[in-house]
Amino acid sequence: MTTDALVLDAAAQDLLFREARTANSFTDEPVSDEQVQAIYELVKFGPTAMNQQPLRVVLVRSAEGRERLVQHLGEGNKAKTAAAPLTAILAVDNEFHEELPTVFPHFPAAKSYFAERPVREASAAMNGALQAGYFIIGVRAAGLAAGPMTGYDAEGINKEFFTDGEHSVLAVVNIGKPGENAWYPRSPRLAYDEVVTTV
């Protein structure tokens with residue numbers, strides 16, 4: 001398949017997609033706050049409905065924070081998270097509508113659309129998942145590897161890290177330079193004709 005139809009050059013396509021993989025081991029090279037800020041400053045421009053931006057990120061750096069997190073992970077995720085140079089808990093703020101007067105100012109009634117908690121939670125989950133995807137691509141754009149995981153006790157993480165009851169974990173992402181034997185074999189992808197239809 002030719003890449004000529006894309007504006008992004010082939011090297012960038014490889015970095016972000018074709019050669020990028022989910023990392024399962026990392027070197028001990030640190031990931032700086034400056035790198036994480038650069039990632040956020042790029043991916044914050046990804047679209048969300050009504051510009052709601054529900055994603056919230058908790059960076060787990062300390063040994064104490066790591067212990068608090070690892071106890072809520074599935075067995076297959078504990079060791080690699082304990083050894084990763086940085087782990088990010090990606091969550092959504094279910095009270096994101098409070099920010100709408102600031103982030104969506106041209107539509108003053110926007111906040112009222114989300115008066116009911118179940119409506120907010122559904123919208124936050126969908127738009128937060130979009131932002132989580134942007135975040136992973138941003139990690140790759142920084143020349144780092146991401147190891148996103150959903151194998152955890154969500155209720156446990158929410159109680160441990162989000163005591164206000166207003167946030168819900170979406171994913172846990174290990175971040176760093178890939179270590180030894182970081183990659184599992186790439187799983188097959190569906191073909192274009194299996195996914196795309198035209199009406």
# chains A, B, ... in the order shown; residues from 1 in each chain; ligands from 1

call {"tool": "closest_atom_pairs", "arguments": {"of": "stretch 141-184 of chain A", "to": "stretch 59-70 of chain A", "cutoff": "9 Å", "atoms": "only C-alpha atoms", "output": "Markdown table"}}
result
| residue | atom | partner | partner_atom | distance |
| --- | --- | --- | --- | --- |
| A:Tyr152 | CA | A:Val70 | CA | 8.9 |
| A:Gly156 | CA | A:Leu69 | CA | 9.0 |
| A:Ile157 | CA | A:Leu69 | CA | 6.9 |
| A:Glu160 | CA | A:Arg68 | CA | 7.2 |
| A:Phe161 | CA | A:Leu69 | CA | 8.5 |

call {"tool": "select_by_dssp", "arguments": {"residues": "stretch 12-62 of chain A", "states": "strand (DSSP E)", "output": "JSON, numbers by chain"}}
result
{"A": [55, 56, 57, 58, 59, 60]}

call {"tool": "residues_around", "arguments": {"residues": "stretch 47-58 of chain A", "least_positions_apart": "3", "cutoff": "7 Å", "atoms": "only C-alpha atoms", "output": "PyMOL selection string"}}
result
chain A and resi 88-93+96+100+103-104+124+127-128+131

call {"tool": "write_last_selection", "arguments": {"atoms": "N, CA, C and O atoms", "output": "PDB file, in the first residue's frame"}}
result
ATOM      1  N   ALA A  88       1.292   6.730  33.759  1.00  0.00           N
ATOM      2  CA  ALA A  88       0.227   7.732  33.781  1.00  0.00           C
ATOM      3  C   ALA A  88      -1.108   7.031  33.970  1.00  0.00           C
ATOM      4  O   ALA A  88      -1.413   6.075  33.263  1.00  0.00           O
ATOM      5  N   ILE A  89      -1.875   7.510  34.935  1.00  0.00           N
ATOM      6  CA  ILE A  89      -3.259   7.071  35.078  1.00  0.00           C
ATOM      7  C   ILE A  89      -4.105   8.057  34.288  1.00  0.00           C
ATOM      8  O   ILE A  89      -4.123   9.253  34.585  1.00  0.00           O
ATOM      9  N   LEU A  90      -4.776   7.563  33.271  1.00  0.00           N
ATOM     10  CA  LEU A  90      -5.659   8.398  32.467  1.00  0.00           C
ATOM     11  C   LEU A  90      -7.085   8.220  32.993  1.00  0.00           C
ATOM     12  O   LEU A  90      -7.580   7.095  33.076  1.00  0.00           O
ATOM     13  N   ALA A  91      -7.696   9.322  33.347  1.00  0.00           N
ATOM     14  CA  ALA A  91      -9.037   9.294  33.916  1.00  0.00           C
ATOM     15  C   ALA A  91      -9.868  10.386  33.276  1.00  0.00           C
ATOM     16  O   ALA A  91      -9.352  11.253  32.573  1.00  0.00           O
ATOM     17  N   VAL A  92     -11.176  10.337  33.533  1.00  0.00           N
ATOM     18  CA  VAL A  92     -12.054  11.403  33.095  1.00  0.00           C
ATOM     19  C   VAL A  92     -12.629  12.120  34.307  1.00  0.00           C
ATOM     20  O   VAL A  92     -12.867  11.518  35.353  1.00  0.00           O
ATOM     21  N   ASP A  93     -12.835  13.404  34.130  1.00  0.00           N
ATOM     22  CA  ASP A  93     -13.508  14.225  35.124  1.00  0.00           C
ATOM     23  C   ASP A  93     -14.985  14.240  34.775  1.00  0.00           C
ATOM     24  O   ASP A  93     -15.379  14.813  33.759  1.00  0.00           O
ATOM     25  N   PHE A  96     -16.761  17.585  34.110  1.00  0.00           N
ATOM     26  CA  PHE A  96     -16.145  18.407  33.062  1.00  0.00           C
ATOM     27  C   PHE A  96     -17.033  19.574  32.644  1.00  0.00           C
ATOM     28  O   PHE A  96     -16.541  20.600  32.157  1.00  0.00           O
ATOM     29  N   LEU A 100     -17.148  24.105  30.858  1.00  0.00           N
ATOM     30  CA  LEU A 100     -17.681  24.489  29.544  1.00  0.00           C
ATOM     31  C   LEU A 100     -17.819  25.991  29.337  1.00  0.00           C
ATOM     32  O   LEU A 100     -17.570  26.477  28.224  1.00  0.00           O
ATOM     33  N   VAL A 103     -14.244  26.710  28.151  1.00  0.00           N
ATOM     34  CA  VAL A 103     -13.703  26.061  26.952  1.00  0.00           C
ATOM     35  C   VAL A 103     -14.666  26.063  25.769  1.00  0.00           C
ATOM     36  O   VAL A 103     -14.272  25.762  24.644  1.00  0.00           O
ATOM     37  N   PHE A 104     -15.936  26.402  26.018  1.00  0.00           N
ATOM     38  CA  PHE A 104     -16.938  26.455  24.940  1.00  0.00           C
ATOM     39  C   PHE A 104     -17.783  27.708  25.129  1.00  0.00           C
ATOM     40  O   PHE A 104     -19.019  27.652  25.218  1.00  0.00           O
ATOM     41  N   ALA A 124     -18.285  11.823  28.959  1.00  0.00           N
ATOM     42  CA  ALA A 124     -16.898  11.849  29.426  1.00  0.00           C
ATOM     43  C   ALA A 124     -16.159  10.589  29.009  1.00  0.00           C
ATOM     44  O   ALA A 124     -14.996  10.644  28.591  1.00  0.00           O
ATOM     45  N   ASN A 127     -15.477  10.811  25.072  1.00  0.00           N
ATOM     46  CA  ASN A 127     -14.508  11.845  24.709  1.00  0.00           C
ATOM     47  C   ASN A 127     -13.178  11.649  25.417  1.00  0.00           C
ATOM     48  O   ASN A 127     -12.120  11.969  24.871  1.00  0.00           O
ATOM     49  N   GLY A 128     -13.205  11.104  26.633  1.00  0.00           N
ATOM     50  CA  GLY A 128     -11.967  10.766  27.314  1.00  0.00           C
ATOM     51  C   GLY A 128     -11.210   9.666  26.593  1.00  0.00           C
ATOM     52  O   GLY A 128      -9.978   9.686  26.525  1.00  0.00           O
ATOM     53  N   GLN A 131      -9.369  11.212  23.827  1.00  0.00           N
ATOM     54  CA  GLN A 131      -8.171  11.894  24.319  1.00  0.00           C
ATOM     55  C   GLN A 131      -7.089  10.914  24.754  1.00  0.00           C
ATOM     56  O   GLN A 131      -5.901  11.202  24.608  1.00  0.00           O
TER      57      GLN A 131
END

call {"tool": "select_by_dssp", "arguments": {"residues": "stretch 10-182 of chain A", "states": "alpha helix (DSSP H)", "output": "ChimeraX atom specification"}}
result
/A:10-13,33-43,63-70,75-83,100-103,117-141,154-161

call {"tool": "closest_atom_pairs", "arguments": {"of": "stretch 17-38 of chain A", "to": "stretch 172-188 of chain A", "cutoff": "10 Å", "atoms": "only C-alpha atoms", "output": "tab-separated table"}}
result
residue	atom	partner	partner_atom	distance
A:Glu19	CA	A:Arg186	CA	9.8
A:Ala20	CA	A:Trp183	CA	9.8
A:Arg21	CA	A:Trp183	CA	6.7
A:Thr22	CA	A:Trp183	CA	6.8
A:Ala23	CA	A:Ala182	CA	5.1
A:Asn24	CA	A:Ala182	CA	4.8
A:Ser25	CA	A:Ala182	CA	4.6
A:Phe26	CA	A:Gly179	CA	3.9
A:Thr27	CA	A:Gly179	CA	4.6
A:Asp28	CA	A:Lys177	CA	7.9
A:Glu29	CA	A:Lys177	CA	6.8
A:Pro30	CA	A:Gly176	CA	7.1
A:Val31	CA	A:Gly176	CA	6.1
A:Ser32	CA	A:Gly176	CA	9.8
A:Val36	CA	A:Ile175	CA	9.7

call {"tool": "atom_distance", "arguments": {"atom1": "atom CA of A:Thr198", "atom2": "atom CA of A:Val7"}}
result
23.4 Å

call {"tool": "atom_distance", "arguments": {"atom1": "atom CA of A:Gly138", "atom2": "atom CA of A:Thr81"}}
result
19.6 Å
